[in-house]
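Below is entry_24.txt, holding compact mmCIF, C-alpha atoms and all ligand atoms.
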```txt
# COMPACT_ATOMS: atom_id res chain seq x y z
CA MET Y 1 48.97 113.31 170.06
CA ALA Y 2 48.18 116.89 169.06
CA THR Y 3 48.52 117.76 165.38
CA LEU Y 4 48.24 121.04 163.51
CA GLU Y 5 47.43 120.40 159.87
CA ILE Y 6 47.56 123.07 157.19
CA LYS Y 7 46.20 121.86 153.86
CA ASP Y 8 46.36 123.64 150.52
CA LEU Y 9 45.90 127.02 152.21
CA HIS Y 10 45.13 129.95 149.92
CA VAL Y 11 44.98 133.45 151.37
CA THR Y 12 44.32 136.82 149.81
CA VAL Y 13 44.82 140.25 151.29
CA ALA Y 14 42.79 143.34 150.43
CA THR Y 15 44.99 145.99 148.83
CA GLU Y 16 44.20 149.31 147.16
CA ASP Y 17 44.26 147.51 143.82
CA GLY Y 18 41.84 144.81 144.98
CA ALA Y 19 42.39 141.38 146.47
CA LYS Y 20 45.85 139.95 145.99
CA GLU Y 21 46.59 136.26 146.46
CA ILE Y 22 49.55 135.87 148.82
CA LEU Y 23 49.41 132.23 149.91
CA LYS Y 24 49.13 129.85 147.00
CA GLY Y 25 48.58 126.44 148.50
CA VAL Y 26 50.50 125.87 151.73
CA ASP Y 27 50.72 122.30 153.04
CA LEU Y 28 52.29 121.71 156.44
CA THR Y 29 51.68 119.25 159.27
CA ILE Y 30 53.17 119.86 162.70
CA ARG Y 31 52.93 117.22 165.40
CA ALA Y 32 53.33 117.74 169.13
CA GLY Y 33 56.99 117.69 170.06
CA GLU Y 34 58.19 118.91 166.66
CA THR Y 35 59.86 122.20 165.81
CA HIS Y 36 59.45 123.39 162.24
CA ALA Y 37 61.28 126.39 160.85
CA ILE Y 38 59.91 128.34 157.92
CA MET Y 39 62.57 130.35 156.18
CA GLY Y 40 62.29 132.54 153.15
CA PRO Y 41 62.93 135.86 151.52
CA ASN Y 42 61.13 139.04 152.51
CA GLY Y 43 57.70 139.33 151.00
CA SER Y 44 57.29 135.60 150.39
CA GLY Y 45 54.20 135.42 152.62
CA LYS Y 46 55.61 134.03 155.89
CA SER Y 47 53.85 136.57 158.10
CA THR Y 48 50.67 136.15 156.06
CA LEU Y 49 50.69 132.47 157.04
CA ALA Y 50 51.00 133.43 160.72
CA TYR Y 51 48.23 136.03 160.45
CA ALA Y 52 45.92 133.61 158.64
CA ILE Y 53 46.40 131.00 161.38
CA ALA Y 54 45.77 133.72 163.96
CA GLY Y 55 42.55 134.81 162.28
CA HIS Y 56 43.58 138.36 161.46
CA PRO Y 57 40.56 139.97 159.76
CA LYS Y 58 42.61 141.49 156.94
CA TYR Y 59 43.59 138.09 155.60
CA ASP Y 60 40.96 136.19 153.69
CA VAL Y 61 41.22 132.42 153.46
CA THR Y 62 39.94 131.55 149.99
CA GLY Y 63 40.79 127.85 150.01
CA GLY Y 64 42.21 125.01 152.02
CA SER Y 65 42.00 124.24 155.72
CA VAL Y 66 43.72 124.52 159.08
CA LEU Y 67 42.89 121.74 161.53
CA LEU Y 68 43.94 121.38 165.15
CA ASP Y 69 43.37 117.77 166.21
CA GLY Y 70 40.81 117.59 163.43
CA GLU Y 71 38.95 120.72 164.57
CA ASP Y 72 38.51 123.49 162.02
CA VAL Y 73 40.62 126.38 163.29
CA LEU Y 74 39.35 128.74 160.60
CA GLU Y 75 35.82 128.48 162.04
CA MET Y 76 37.04 129.54 165.48
CA SER Y 77 37.08 133.07 166.90
CA VAL Y 78 40.47 134.43 167.92
CA ASP Y 79 39.68 133.59 171.58
CA GLU Y 80 38.62 130.07 170.69
CA ARG Y 81 41.90 129.54 168.87
CA ALA Y 82 43.77 130.50 172.03
CA ARG Y 83 41.62 128.20 174.16
CA ALA Y 84 42.17 125.37 171.67
CA GLY Y 85 45.88 125.71 172.41
CA LEU Y 86 47.21 127.91 169.63
CA PHE Y 87 49.62 130.71 170.41
CA LEU Y 88 50.64 133.29 167.86
CA ALA Y 89 53.38 135.76 168.54
CA MET Y 90 53.29 138.46 165.94
CA GLN Y 91 56.11 140.17 164.16
CA TYR Y 92 54.70 143.54 165.25
CA PRO Y 93 53.03 143.03 168.64
CA VAL Y 94 50.31 145.51 169.53
CA GLU Y 95 50.54 148.09 172.30
CA VAL Y 96 47.76 148.19 174.89
CA PRO Y 97 48.07 151.47 176.78
CA GLY Y 98 46.60 151.52 180.29
CA VAL Y 99 46.66 147.73 180.70
CA SER Y 100 49.49 146.50 182.88
CA MET Y 101 51.47 143.43 181.90
CA SER Y 102 50.39 141.57 185.02
CA ASN Y 103 46.69 142.22 184.32
CA PHE Y 104 47.08 141.38 180.68
CA LEU Y 105 48.80 138.09 181.43
CA ARG Y 106 46.28 137.08 184.08
CA THR Y 107 43.39 137.86 181.71
CA ALA Y 108 45.06 135.84 178.97
CA ALA Y 109 45.71 132.93 181.34
CA THR Y 110 42.10 133.08 182.56
CA ALA Y 111 40.84 132.92 178.97
CA VAL Y 112 43.05 129.96 178.09
CA ARG Y 113 42.57 127.99 181.33
CA GLU Y 114 38.87 128.86 181.50
CA GLU Y 115 39.24 129.87 185.14
CA ALA Y 116 41.18 132.62 186.85
CA PRO Y 117 44.47 131.34 188.29
CA ALA Y 118 44.54 131.60 192.09
CA LEU Y 119 46.20 134.92 192.83
CA ARG Y 120 48.92 133.75 195.23
CA HIS Y 121 49.98 130.94 192.98
CA TRP Y 122 49.80 133.19 189.93
CA VAL Y 123 52.06 135.87 191.36
CA LYS Y 124 54.67 133.22 192.08
CA GLU Y 125 54.34 131.72 188.63
CA VAL Y 126 54.79 135.10 186.92
CA LYS Y 127 57.76 136.00 189.14
CA GLN Y 128 59.53 132.77 188.34
CA ALA Y 129 58.86 132.99 184.60
CA MET Y 130 60.09 136.59 184.56
CA ALA Y 131 63.25 135.69 186.44
CA GLU Y 132 63.98 132.90 183.96
CA LEU Y 133 63.76 135.39 181.12
CA ASP Y 134 65.87 138.04 182.89
CA ILE Y 135 62.91 140.40 182.94
CA ASP Y 136 62.98 143.27 185.45
CA PRO Y 137 60.14 142.79 188.02
CA ALA Y 138 59.09 146.42 187.41
CA PHE Y 139 58.09 145.32 183.94
CA ALA Y 140 54.93 143.69 185.36
CA GLU Y 141 53.44 147.11 186.10
CA ARG Y 142 54.13 148.65 182.71
CA SER Y 143 51.50 148.96 179.98
CA VAL Y 144 51.49 146.14 177.46
CA ASN Y 145 54.19 146.69 174.87
CA GLU Y 146 54.02 150.48 175.34
CA GLY Y 147 57.47 151.90 174.82
CA PHE Y 148 58.96 148.41 174.95
CA SER Y 149 62.20 147.95 173.10
CA GLY Y 150 62.32 145.28 170.40
CA GLY Y 151 64.02 142.93 172.83
CA GLU Y 152 61.48 143.58 175.59
CA LYS Y 153 58.60 142.79 173.24
CA LYS Y 154 60.19 139.49 172.31
CA ARG Y 155 60.82 138.59 175.95
CA HIS Y 156 57.20 139.42 176.64
CA GLU Y 157 56.14 137.00 173.88
CA ILE Y 158 58.17 134.23 175.43
CA LEU Y 159 56.83 135.13 178.88
CA GLN Y 160 53.34 134.55 177.50
CA LEU Y 161 54.49 131.24 176.08
CA ALA Y 162 55.84 130.17 179.47
CA LEU Y 163 52.63 131.13 181.28
CA LEU Y 164 49.98 130.12 178.75
CA LYS Y 165 51.60 126.81 177.78
CA PRO Y 166 49.90 126.44 174.40
CA LYS Y 167 49.94 123.18 172.41
CA PHE Y 168 51.28 124.98 169.35
CA ALA Y 169 53.21 128.20 169.12
CA VAL Y 170 53.76 130.19 165.95
CA LEU Y 171 56.67 132.58 166.44
CA ASP Y 172 57.13 135.12 163.67
CA GLU Y 173 60.58 136.70 163.47
CA THR Y 174 61.18 136.23 167.17
CA ASP Y 175 64.85 136.82 166.46
CA SER Y 176 64.54 140.17 164.72
CA GLY Y 177 65.92 143.13 166.62
CA LEU Y 178 67.54 141.03 169.35
CA ASP Y 179 71.12 141.47 170.45
CA VAL Y 180 73.18 138.36 171.15
CA ASP Y 181 72.30 138.16 174.86
CA ALA Y 182 68.57 138.70 174.31
CA LEU Y 183 68.61 136.11 171.54
CA ARG Y 184 70.13 133.57 173.93
CA VAL Y 185 67.62 134.32 176.70
CA VAL Y 186 64.67 134.19 174.31
CA SER Y 187 65.91 130.96 172.73
CA GLU Y 188 66.40 129.36 176.14
CA GLY Y 189 62.81 130.35 176.93
CA VAL Y 190 61.54 128.63 173.78
CA ASN Y 191 63.65 125.56 174.55
CA ARG Y 192 62.26 125.38 178.10
CA TYR Y 193 58.76 125.58 176.69
CA LYS Y 194 59.57 122.77 174.23
CA ALA Y 195 61.27 120.60 176.84
CA ASN Y 196 58.15 118.66 177.82
CA GLY Y 197 58.17 117.18 174.31
CA GLU Y 198 54.41 117.73 173.99
CA THR Y 199 54.33 121.06 172.23
CA GLY Y 200 54.77 122.03 168.62
CA VAL Y 201 56.64 125.10 167.43
CA LEU Y 202 56.49 126.88 164.09
CA LEU Y 203 59.42 129.24 163.95
CA ILE Y 204 59.26 131.76 161.13
CA THR Y 205 62.51 133.48 160.37
CA HIS Y 206 64.50 135.18 157.66
CA TYR Y 207 67.91 134.49 159.24
CA THR Y 208 69.53 131.27 160.40
CA ARG Y 209 71.04 132.66 163.61
CA ILE Y 210 68.15 131.69 165.92
CA LEU Y 211 68.40 128.13 164.58
CA LYS Y 212 71.82 127.85 166.18
CA HIS Y 213 70.03 128.08 169.54
CA ILE Y 214 66.77 126.32 168.74
CA THR Y 215 67.35 123.21 166.66
CA PRO Y 216 64.50 122.57 164.25
CA ASP Y 217 63.42 119.05 163.32
CA PHE Y 218 62.31 120.31 159.92
CA VAL Y 219 63.20 123.31 157.80
CA HIS Y 220 60.89 124.53 155.04
CA VAL Y 221 61.78 127.07 152.40
CA PHE Y 222 58.99 129.50 151.65
CA ALA Y 223 58.94 131.36 148.33
CA GLY Y 224 56.16 132.90 146.29
CA GLY Y 225 53.47 132.01 148.82
CA ARG Y 226 54.17 128.30 149.23
CA ILE Y 227 56.64 125.79 150.61
CA VAL Y 228 59.08 125.01 147.83
CA GLU Y 229 61.47 122.70 149.67
CA SER Y 230 61.61 120.83 152.97
CA GLY Y 231 64.46 119.16 154.78
CA GLY Y 232 66.10 118.70 158.14
CA ALA Y 233 68.19 121.14 160.18
CA GLU Y 234 70.98 120.85 157.62
CA LEU Y 235 68.84 122.72 155.07
CA ALA Y 236 69.27 125.88 157.17
CA GLU Y 237 73.02 125.63 156.70
CA VAL Y 238 72.61 125.37 152.95
CA LEU Y 239 70.40 128.48 153.03
CA GLU Y 240 72.93 130.34 155.13
CA ARG Y 241 75.61 129.57 152.59
CA ASP Y 242 73.65 130.01 149.35
CA GLY Y 243 70.84 132.38 150.28
CA TYR Y 244 67.43 132.27 148.64
CA VAL Y 245 68.47 133.15 145.09
CA ARG Y 246 67.92 129.62 143.89
CA TYR Y 247 64.26 129.84 144.90
CA THR Y 248 63.46 133.40 143.96
CA ALA Y 249 64.96 133.21 140.47
CA SER Y 250 62.23 130.83 139.37
CA ALA Y 251 59.42 132.18 141.62
P1 LIG Y 301 57.11 137.96 154.70
O1 LIG Y 301 56.62 137.85 156.11
O2 LIG Y 301 57.58 136.69 154.12
O3 LIG Y 301 58.12 139.06 154.55
P2 LIG Y 301 54.45 138.99 154.18
O4 LIG Y 301 53.51 137.88 154.49
O5 LIG Y 301 54.61 140.05 155.19
O6 LIG Y 301 55.85 138.37 153.78
O7 LIG Y 301 54.01 139.67 152.81
C1 LIG Y 301 53.81 138.91 151.62
C2 LIG Y 301 53.26 139.81 150.54
O8 LIG Y 301 51.94 140.21 150.88
C3 LIG Y 301 54.05 141.09 150.31
O9 LIG Y 301 54.05 141.37 148.94
C4 LIG Y 301 53.25 142.11 151.09
O10 LIG Y 301 53.41 143.39 150.54
C5 LIG Y 301 51.84 141.61 150.91
N1 LIG Y 301 51.01 141.95 152.07
C6 LIG Y 301 51.02 141.34 153.26
N2 LIG Y 301 50.15 141.92 154.11
C7 LIG Y 301 49.58 142.92 153.42
C8 LIG Y 301 48.59 143.89 153.75
N3 LIG Y 301 48.01 143.92 154.96
N4 LIG Y 301 48.24 144.78 152.79
C9 LIG Y 301 48.80 144.73 151.57
N5 LIG Y 301 49.74 143.85 151.20
C10 LIG Y 301 50.13 142.94 152.10
MG MG Y 302 58.67 140.67 155.99
MG MG Y 303 57.18 138.64 157.90
```

Represent the structure contained in this file as structure tokens.
Amino acid sequence: MATLEIKDLHVTVATEDGAKEILKGVDLTIRAGETHAIMGPNGSGKSTLAYAIAGHPKYDVTGGSVLLDGEDVLEMSVDERARAGLFLAMQYPVEVPGVSMSNFLRTAATAVREEAPALRHWVKEVKQAMAELDIDPAFAERSVNEGFSGGEKKRHEILQLALLKPKFAVLDETDSGLDVDALRVVSEGVNRYKANGETGVLLITHYTRILKHITPDFVHVFAGGRIVESGGAELAEVLERDGYVRYTASA
């Protein structure tokens, strides 16, 4: 069974005042079929964790390890991480002017599957996935993320999830900027992706509202660059009621 193992991860980021340590020893194991939520105050390092797993060049891993089925993720190129089955949806997805969504998705699928999907089958697959996410078919011909609304970007992330079928998905603030209807559609998309019971999800969020649609098996509180408490879905309710004050006061 697939396992993503983060051990004592330390990450620094280059700032104008030199390197600053953001992650201070993160330990987290996610098994296939599990959904983990990471919740925490702004600036606690949640996105830094996602970027470090993704291999963003600005984030320097100074200690610890990330293993996917025992393989060292940190040694892999960004493409290799995708081929190994990791999917990382970023809080601020990039725009790729001049590249249509349909081309982008087919290129991504080709990279992950290591062969180009047969065109006729592919077109059908994309159409169906788009319909399930209430995405306008015209969307396929638009440039990647260019001029997309917040909600459209998030739907696009989940469309990638549906088509690329990664083993593990890291979703950073997938709920931010979504209205109630978009939140429901996006959550249903994540739940469909999870339904085979073979995939792992790391859901990073500041607010509890997405957790009303996507039930996590584990909730972790992130503060000061590390996990300071872990529990089940009920922990999210405690956080909703009490906020993060308890954790930030001592951090
Ligand atoms: P969160 O996602 O929990 O809000 P982030 O990981 O975005 O937190 O940020 C954690 C801390 O690291 C913040 O103090 C932020 O200013 C700093 N940080 C993150 N990325 C950078 C960067 N590229 N340059 C400088 N500082 C950064
Ligand atoms: Mg933030
Ligand atoms: Mg963030």

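Residues lying within 7 Å of Val66 in chain Y, counting all atoms listed in the file and ignoring same-chain neighbours fewer than 4 positions away, are Y:Glu5, Y:Ile6, Y:Lys7, Y:Asp72, Y:Val73, Y:Leu74.
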
Residues within 7 Å of ligand MG 303 (chain Y) should be enumerated using all atoms listed in the file and returned as number ranges by chain. Y: 42-43, 45-47, 91, 172-173

Selection to disk with C-alpha atoms, as a PDB file, in the frame of the given file:
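Once written, part-v9.pdb looks like this:
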```pdb
ATOM      1  CA  ASN Y  42      61.130 139.040 152.510  1.00  0.00           C
ATOM      2  CA  GLY Y  43      57.700 139.330 151.000  1.00  0.00           C
ATOM      3  CA  GLY Y  45      54.200 135.420 152.620  1.00  0.00           C
ATOM      4  CA  LYS Y  46      55.610 134.030 155.890  1.00  0.00           C
ATOM      5  CA  SER Y  47      53.850 136.570 158.100  1.00  0.00           C
ATOM      6  CA  GLN Y  91      56.110 140.170 164.160  1.00  0.00           C
ATOM      7  CA  ASP Y 172      57.130 135.120 163.670  1.00  0.00           C
ATOM      8  CA  GLU Y 173      60.580 136.700 163.470  1.00  0.00           C
TER       9      GLU Y 173
END
```

Contacts of Asp181 in chain Y at 12 Å or less, counting only C-alpha atoms, minus same-chain residues fewer than 6 places along, as a list in words? Leu133, Asp134, Gly151, Arg155, Asp175, Ser187, Glu188, Ile210 and His213 of chain Y

Length of the CA of Ala50 in chain Y to CA of Ser143 in chain Y vector [Å]: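 It comes out at 24.7 Å.
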
Enclose all atoms of ligand LIG 301 (chain Y) listed in the file in an axis-aligned box, grow every side by 4 Å, and hand back centre and edge lengths in Å to one decimal, as lines of an AutoDock Vina configuration file.
```
center_x = 53.1
center_y = 140.7
center_z = 152.5
size_x = 18.1
size_y = 16.1
size_z = 15.2
```
